[in-house]
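Printed here is work04.tsv (TSV, C-alpha atoms):
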```
chain	number	residue	atom	x	y	z
Y	1	MET	CA	63.67	42.25	60.22
Y	2	ASN	CA	61.53	42.51	63.32
Y	3	ILE	CA	58.79	45.07	62.66
Y	4	ARG	CA	57.09	46.07	65.87
Y	5	THR	CA	53.61	47.53	66.23
Y	6	LEU	CA	54.08	51.26	66.64
Y	7	PRO	CA	51.78	54.16	67.57
Y	8	SER	CA	50.11	55.48	64.44
Y	9	ALA	CA	51.29	59.11	64.51
Y	10	PRO	CA	55.04	58.41	64.98
Y	11	LEU	CA	54.87	55.65	62.37
Y	12	ALA	CA	53.18	57.92	59.85
Y	13	THR	CA	55.75	60.68	60.39
Y	14	LEU	CA	58.68	58.29	60.19
Y	15	MET	CA	57.46	56.50	57.10
Y	16	ALA	CA	56.72	59.73	55.24
Y	17	ALA	CA	60.29	60.90	55.78
Y	18	PHE	CA	61.74	57.51	54.89
Y	19	LEU	CA	59.74	57.18	51.69
Y	20	PHE	CA	60.87	60.62	50.56
Y	21	LEU	CA	64.50	59.60	50.99
Y	22	VAL	CA	64.86	56.09	49.63
Y	23	GLY	CA	61.74	54.85	47.88
Y	24	CYS	CA	59.28	52.14	48.76
Y	25	TYR	CA	60.95	48.81	49.65
Y	26	LEU	CA	63.28	48.00	52.56
Y	27	PRO	CA	65.40	44.79	52.28
Y	28	ASP	CA	66.22	42.45	55.15
Y	29	ASP	CA	67.22	38.84	55.91
Y	30	PHE	CA	68.73	38.62	52.43
Y	31	ARG	CA	71.53	37.14	50.37
Y	32	VAL	CA	72.73	38.71	47.15
Y	33	ASP	CA	74.85	36.70	44.70
Y	34	MET	CA	76.26	38.70	41.82
Y	35	GLN	CA	78.68	38.22	38.95
Y	36	ILE	CA	80.24	41.18	37.13
Y	37	ALA	CA	82.54	41.09	34.09
Y	38	ALA	CA	84.75	43.85	32.71
Y	39	ASP	CA	82.84	43.79	29.41
Y	40	GLY	CA	79.67	44.96	31.20
Y	41	ARG	CA	77.89	41.64	31.63
Y	42	TYR	CA	76.30	40.90	34.98
Y	43	ALA	CA	74.09	38.37	36.74
Y	44	PHE	CA	72.19	39.21	39.92
Y	45	VAL	CA	70.19	37.08	42.39
Y	46	TYR	CA	68.41	38.38	45.52
Y	47	GLU	CA	66.76	36.06	48.03
Y	48	GLY	CA	65.21	37.58	51.12
Y	49	ASP	CA	62.56	39.97	52.38
Y	50	LEU	CA	61.28	43.30	51.11
Y	51	THR	CA	58.99	45.44	53.26
Y	52	GLN	CA	56.71	47.82	51.37
Y	53	LEU	CA	56.96	50.98	53.46
Y	54	GLN	CA	53.90	52.81	52.15
Y	55	PHE	CA	51.84	49.68	52.80
Y	56	LEU	CA	53.36	49.42	56.29
Y	57	GLN	CA	52.45	53.05	56.96
Y	58	ARG	CA	48.80	52.42	56.06
Y	59	ILE	CA	48.67	49.32	58.26
Y	60	GLY	CA	50.19	51.26	61.17
Y	61	THR	CA	47.71	54.12	60.94
Y	62	GLY	CA	44.76	51.69	60.84
Y	63	GLU	CA	43.77	52.80	57.34
Y	64	LEU	CA	43.75	49.22	56.02
Y	65	GLU	CA	41.82	46.42	57.69
Y	66	GLY	CA	39.97	43.28	56.62
Y	67	GLU	CA	39.11	43.13	52.93
Y	68	ALA	CA	40.92	46.39	52.17
Y	69	LEU	CA	44.09	44.95	53.70
Y	70	ALA	CA	43.76	41.78	51.61
Y	71	ASP	CA	43.31	43.90	48.47
Y	72	TYR	CA	46.53	45.78	49.13
Y	73	VAL	CA	48.43	42.55	49.66
Y	74	GLY	CA	47.63	41.78	46.02
Y	75	ILE	CA	48.26	45.33	44.81
Y	76	TYR	CA	51.87	45.33	46.01
Y	77	GLU	CA	52.44	41.75	44.93
Y	78	ARG	CA	51.45	42.78	41.40
Y	79	ASP	CA	53.60	45.88	41.72
Y	80	LEU	CA	56.68	43.74	42.32
Y	81	LYS	CA	55.77	41.24	39.62
Y	82	ARG	CA	55.64	44.00	37.00
Y	83	ASP	CA	59.38	43.37	36.91
Y	84	SER	CA	59.77	39.91	35.38
Y	85	GLY	CA	62.91	39.37	37.47
Y	86	PHE	CA	60.72	38.58	40.50
Y	87	LEU	CA	60.29	34.81	40.31
Y	88	LYS	CA	58.83	34.43	43.82
Y	89	VAL	CA	56.72	36.87	45.84
Y	90	ASP	CA	55.15	35.47	49.04
Y	91	TYR	CA	53.37	37.68	51.55
Y	92	GLN	CA	54.49	37.18	55.16
Y	93	GLY	CA	52.30	39.75	56.92
Y	94	ASN	CA	52.87	43.33	58.13
Y	95	ALA	CA	53.74	44.58	54.62
Y	96	ARG	CA	56.65	42.15	54.23
Y	97	TYR	CA	57.20	39.90	51.20
Y	98	THR	CA	59.70	37.08	50.84
Y	99	VAL	CA	61.06	37.22	47.29
Y	100	ARG	CA	63.48	35.70	44.83
Y	101	TYR	CA	64.74	37.98	42.08
Y	102	GLU	CA	67.03	37.14	39.16
Y	103	ARG	CA	68.38	39.40	36.42
Y	104	THR	CA	71.08	39.13	33.78
Y	105	GLY	CA	72.10	41.89	31.41
Y	106	ASN	CA	74.86	44.07	29.99
Y	107	LEU	CA	75.58	47.59	31.21
Y	108	ARG	CA	76.71	48.55	27.73
Y	109	ASP	CA	73.10	48.15	26.64
Y	110	HIS	CA	71.36	49.91	29.55
Y	111	ARG	CA	74.10	51.81	31.46
Y	112	GLN	CA	72.59	51.06	34.91
Y	113	PHE	CA	70.94	48.25	36.85
Y	114	SER	CA	69.20	49.09	40.15
Y	115	PHE	CA	67.52	46.84	42.69
Y	116	PRO	CA	64.69	46.96	43.56
Y	117	ARG	CA	63.94	50.27	41.80
Y	118	ARG	CA	66.00	53.00	40.15
Y	119	ASN	CA	64.24	55.68	42.23
Y	120	GLY	CA	64.54	53.67	45.45
Y	121	LEU	CA	67.61	51.54	45.06
Y	122	PHE	CA	69.29	49.31	47.62
Y	123	LEU	CA	72.12	48.14	45.35
Y	124	ALA	CA	73.08	49.18	41.84
Y	125	LEU	CA	75.55	48.84	38.98
Y	126	ARG	CA	76.38	51.48	36.39
Y	127	ILE	CA	78.97	52.71	33.95
Y	128	GLY	CA	80.08	56.03	35.38
Y	129	GLU	CA	81.12	59.17	33.53
Y	130	ASN	CA	84.72	58.07	34.06
Y	131	GLY	CA	84.01	54.89	32.06
Y	132	LEU	CA	84.46	52.62	35.07
Y	133	ILE	CA	81.94	49.99	36.14
Y	134	GLU	CA	80.66	50.97	39.58
Y	135	LEU	CA	78.94	48.84	42.21
Y	136	PHE	CA	77.31	51.05	44.84
Y	137	GLY	CA	74.58	51.16	47.46
Y	138	ASP	CA	72.26	53.66	49.09
Y	139	LYS	CA	72.38	54.95	52.68
Y	140	LEU	CA	70.06	57.05	54.80
Y	141	PRO	CA	71.16	60.20	56.65
Y	142	GLU	CA	72.17	59.47	60.24
Y	143	GLN	CA	69.06	60.97	61.81
Y	144	HIS	CA	66.70	58.69	59.87
Y	145	ARG	CA	68.84	55.61	60.45
Y	146	ASP	CA	68.77	56.25	64.19
Y	147	GLU	CA	64.99	56.71	64.16
Y	148	LEU	CA	64.44	53.43	62.34
Y	149	LEU	CA	66.82	51.47	64.55
Y	150	ALA	CA	65.22	52.86	67.71
Y	151	ARG	CA	61.85	51.54	66.51
Y	152	GLY	CA	63.04	48.04	65.68
Y	153	PHE	CA	63.75	48.36	61.96
Y	154	ASN	CA	67.02	47.12	60.50
Y	155	VAL	CA	68.74	45.73	57.40
Y	156	ARG	CA	70.76	42.51	57.59
Y	157	GLY	CA	72.20	40.27	54.92
Y	158	THR	CA	75.16	39.11	52.87
Y	159	ILE	CA	76.37	40.39	49.50
Y	160	ARG	CA	78.71	38.15	47.47
Y	161	VAL	CA	80.20	39.41	44.20
Y	162	TRP	CA	82.41	37.45	41.80
Y	163	VAL	CA	84.38	39.83	39.57
Y	164	GLN	CA	86.12	39.14	36.27
Y	165	GLY	CA	88.51	41.96	35.48
Y	166	GLU	CA	90.76	44.56	37.12
Y	167	VAL	CA	89.30	45.86	40.38
Y	168	LEU	CA	90.68	49.35	41.01
Y	169	ASN	CA	89.09	50.02	44.40
Y	170	HIS	CA	86.65	48.39	46.80
Y	171	ASN	CA	85.52	48.32	50.44
Y	172	ALA	CA	84.67	44.61	50.72
Y	173	GLU	CA	85.32	43.13	54.14
Y	174	SER	CA	86.86	40.01	52.61
Y	175	VAL	CA	88.27	38.86	49.27
Y	176	THR	CA	88.62	35.17	48.49
Y	177	PRO	CA	91.16	34.43	45.72
Y	178	GLY	CA	89.90	32.41	42.79
Y	179	ALA	CA	89.04	32.52	39.13
Y	180	PRO	CA	87.17	34.79	39.52
Y	181	PRO	CA	87.83	36.16	43.03
Y	182	LEU	CA	84.93	36.64	45.46
Y	183	TYR	CA	84.26	39.99	47.19
Y	184	GLN	CA	81.97	39.81	50.21
Y	185	TRP	CA	80.10	42.23	52.47
Y	186	THR	CA	78.10	41.31	55.59
Y	187	ILE	CA	75.43	43.91	56.36
Y	188	GLN	CA	74.41	43.94	60.01
Y	189	SER	CA	72.91	47.39	60.45
Y	190	LEU	CA	71.48	50.40	58.65
Y	191	ASN	CA	74.62	52.17	59.88
Y	192	ASP	CA	77.02	49.87	58.02
Y	193	GLU	CA	79.02	51.28	55.14
Y	194	THR	CA	77.39	50.64	51.78
Y	195	PRO	CA	79.17	48.33	49.29
Y	196	SER	CA	81.49	49.97	46.80
Y	197	LEU	CA	83.63	48.55	43.98
Y	198	LEU	CA	85.24	50.04	40.88
Y	199	LEU	CA	86.04	47.82	37.89
Y	200	ALA	CA	87.97	48.82	34.78
Y	201	GLN	CA	86.12	48.11	31.52
Y	202	THR	CA	87.67	46.09	28.75
Y	203	PRO	CA	87.85	47.88	25.38
```
For this file, write the structure as structure tokens.
Amino acid sequence: MNIRTLPSAPLATLMAAFLFLVGCYLPDDFRVDMQIAADGRYAFVYEGDLTQLQFLQRIGTGELEGEALADYVGIYERDLKRDSGFLKVDYQGNARYTVRYERTGNLRDHRQFSFPRRNGLFLALRIGENGLIELFGDKLPEQHRDELLARGFNVRGTIRVWVQGEVLNHNAESVTPGAPPLYQWTIQSLNDETPSLLLAQTP
């Protein structure tokens, strides 16, 4: 993602609205590799960037400089590392971190997995009320997407999901046959449709 230096007042207004809608971290330049099984097991790997939007807001308004800026680099690094799935967190400047995240689990134990946060998710898995395993993503309202794109913000990456079981519905742009088959999405814009897949559970 190319984050440009913006005037402080528009940045503050934009970031406040964006934080209210989707949480604190914006992904970009990423690849997600995921495996999902009909018995609820999953494995998830994310490699790419995460921009901490509240941190970015404070940089843009001039609130953080010098030693205070260095302190906040560490604050948000520790914030990410509170989740043991973050195996790599490297600061790149301008509130952006390059990360590697890995998680394995079973939805029958926890019902939902959300990345990077449940209250600010980019991509998630859950067992829905209908008993189906659901892969889904988050999307901003059109007005906020347009504002971000006009100011040089974007989300780009690739999502690859290998699925073991009966897929009932999906919106993947390509499916590669195999054992298991591979479902793939290429994200090129905040305006792209979010990933969606429904998988029947095994008894």
Please produce, as JSON lines, a per-residue contact table for stretch 126-173 of chain Y versus stretch 23-45 of chain Y (criterion: any atom at most 9 Å away, only C-alpha atoms considered), showing the nearest atom pair and its distance in Å to one decimal, sorted by chain then residue number.
```
{"residue": "Y:Arg126", "atom": "CA", "partner": "Y:Gly40", "partner_atom": "CA", "distance": 9.0}
{"residue": "Y:Ile127", "atom": "CA", "partner": "Y:Gly40", "partner_atom": "CA", "distance": 8.3}
{"residue": "Y:Ile133", "atom": "CA", "partner": "Y:Gly40", "partner_atom": "CA", "distance": 7.4}
{"residue": "Y:Asn154", "atom": "CA", "partner": "Y:Asp28", "partner_atom": "CA", "distance": 7.1}
{"residue": "Y:Val155", "atom": "CA", "partner": "Y:Asp28", "partner_atom": "CA", "distance": 4.7}
{"residue": "Y:Arg156", "atom": "CA", "partner": "Y:Asp28", "partner_atom": "CA", "distance": 5.2}
{"residue": "Y:Gly157", "atom": "CA", "partner": "Y:Phe30", "partner_atom": "CA", "distance": 4.6}
{"residue": "Y:Thr158", "atom": "CA", "partner": "Y:Arg31", "partner_atom": "CA", "distance": 4.8}
{"residue": "Y:Ile159", "atom": "CA", "partner": "Y:Val32", "partner_atom": "CA", "distance": 4.6}
{"residue": "Y:Arg160", "atom": "CA", "partner": "Y:Asp33", "partner_atom": "CA", "distance": 5.0}
{"residue": "Y:Val161", "atom": "CA", "partner": "Y:Met34", "partner_atom": "CA", "distance": 4.7}
{"residue": "Y:Trp162", "atom": "CA", "partner": "Y:Gln35", "partner_atom": "CA", "distance": 4.8}
{"residue": "Y:Val163", "atom": "CA", "partner": "Y:Ile36", "partner_atom": "CA", "distance": 5.0}
{"residue": "Y:Gln164", "atom": "CA", "partner": "Y:Ala37", "partner_atom": "CA", "distance": 4.6}
{"residue": "Y:Gly165", "atom": "CA", "partner": "Y:Ala38", "partner_atom": "CA", "distance": 5.0}
{"residue": "Y:Glu166", "atom": "CA", "partner": "Y:Ala38", "partner_atom": "CA", "distance": 7.5}
```
Original post:
Just how far from atom CA of Y:Leu121 is atom CA of Y:Gln52, in Å to one decimal?
Top reply: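 Atom CA of Y:Leu121 lies at a distance of 13.1 Å from atom CA of Y:Gln52.
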Subject >> Contacts of Y:Ser114 within 8 Å, only C-alpha atoms, excl. fewer than 2 positions in-chain, as a list of chain:residue names >> reply: Y:Gln112, Y:Pro116, Y:Arg117, Y:Arg118, Y:Leu121, Y:Phe122, Y:Leu123, Y:Ala124, Y:Leu125
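For the residues Y:Lys88, Y:Arg82, Y:Arg103, Y:Arg108, ranking by smallest atom-to-atom distance to Y:Pro203 using only C-alpha atoms places Y:Arg108 first.
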Original post:
Which value, in Å to one decimal, gives the distance between atom CA of Y:Leu64 and atom CA of Y:Gly48?
Top reply: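 Going from atom CA of Y:Leu64 over to atom CA of Y:Gly48 covers 24.9 Å.
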Original post:
Do you have the atom CA of Y:Ser189-atom CA of Y:Gly152 distance handy?
Top reply: 11.2 Å
Subject >> Residue contacts of Y:Glu63 (12 Å, all atoms listed in the file) excluding same-chain residues fewer than 5 positions away, as a ChimeraX atom specification >> reply: /Y:8,12,54-58,68-69,72
Please provide as a JSON list (two decimals) with C-alpha atoms, keeping the file's coordinate frame all residues within 7 Å of Y:Val89, with the sequence filter that same-chain residues fewer than 5 positions apart are discarded (counting only C-alpha atoms).
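Once everything was written out, this is part_2.json:
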```json
[["chain", "number", "residue", "atom", "x", "y", "z"],
["Y", 77, "GLU", "CA", 52.44, 41.75, 44.93],
["Y", 97, "TYR", "CA", 57.20, 39.90, 51.20],
["Y", 98, "THR", "CA", 59.70, 37.08, 50.84],
["Y", 99, "VAL", "CA", 61.06, 37.22, 47.29],
["Y", 100, "ARG", "CA", 63.48, 35.70, 44.83]]
```
Subject >> Sel. within 10 Å of pt (49.3, 41.9, 47.9), counting all atoms listed in the file, output as a VMD selection string >> reply: chain Y and resid 55 69 to 80 89 to 91 93 95 to 97
**OP:** Compile the contact shell of Y:Thr194 as a PyMOL selection string: residues with an atom at most 8 Å away, counting all atoms listed in the file, same-chain residues fewer than 3 positions apart removed.
**Re:** chain Y and resi 136-139
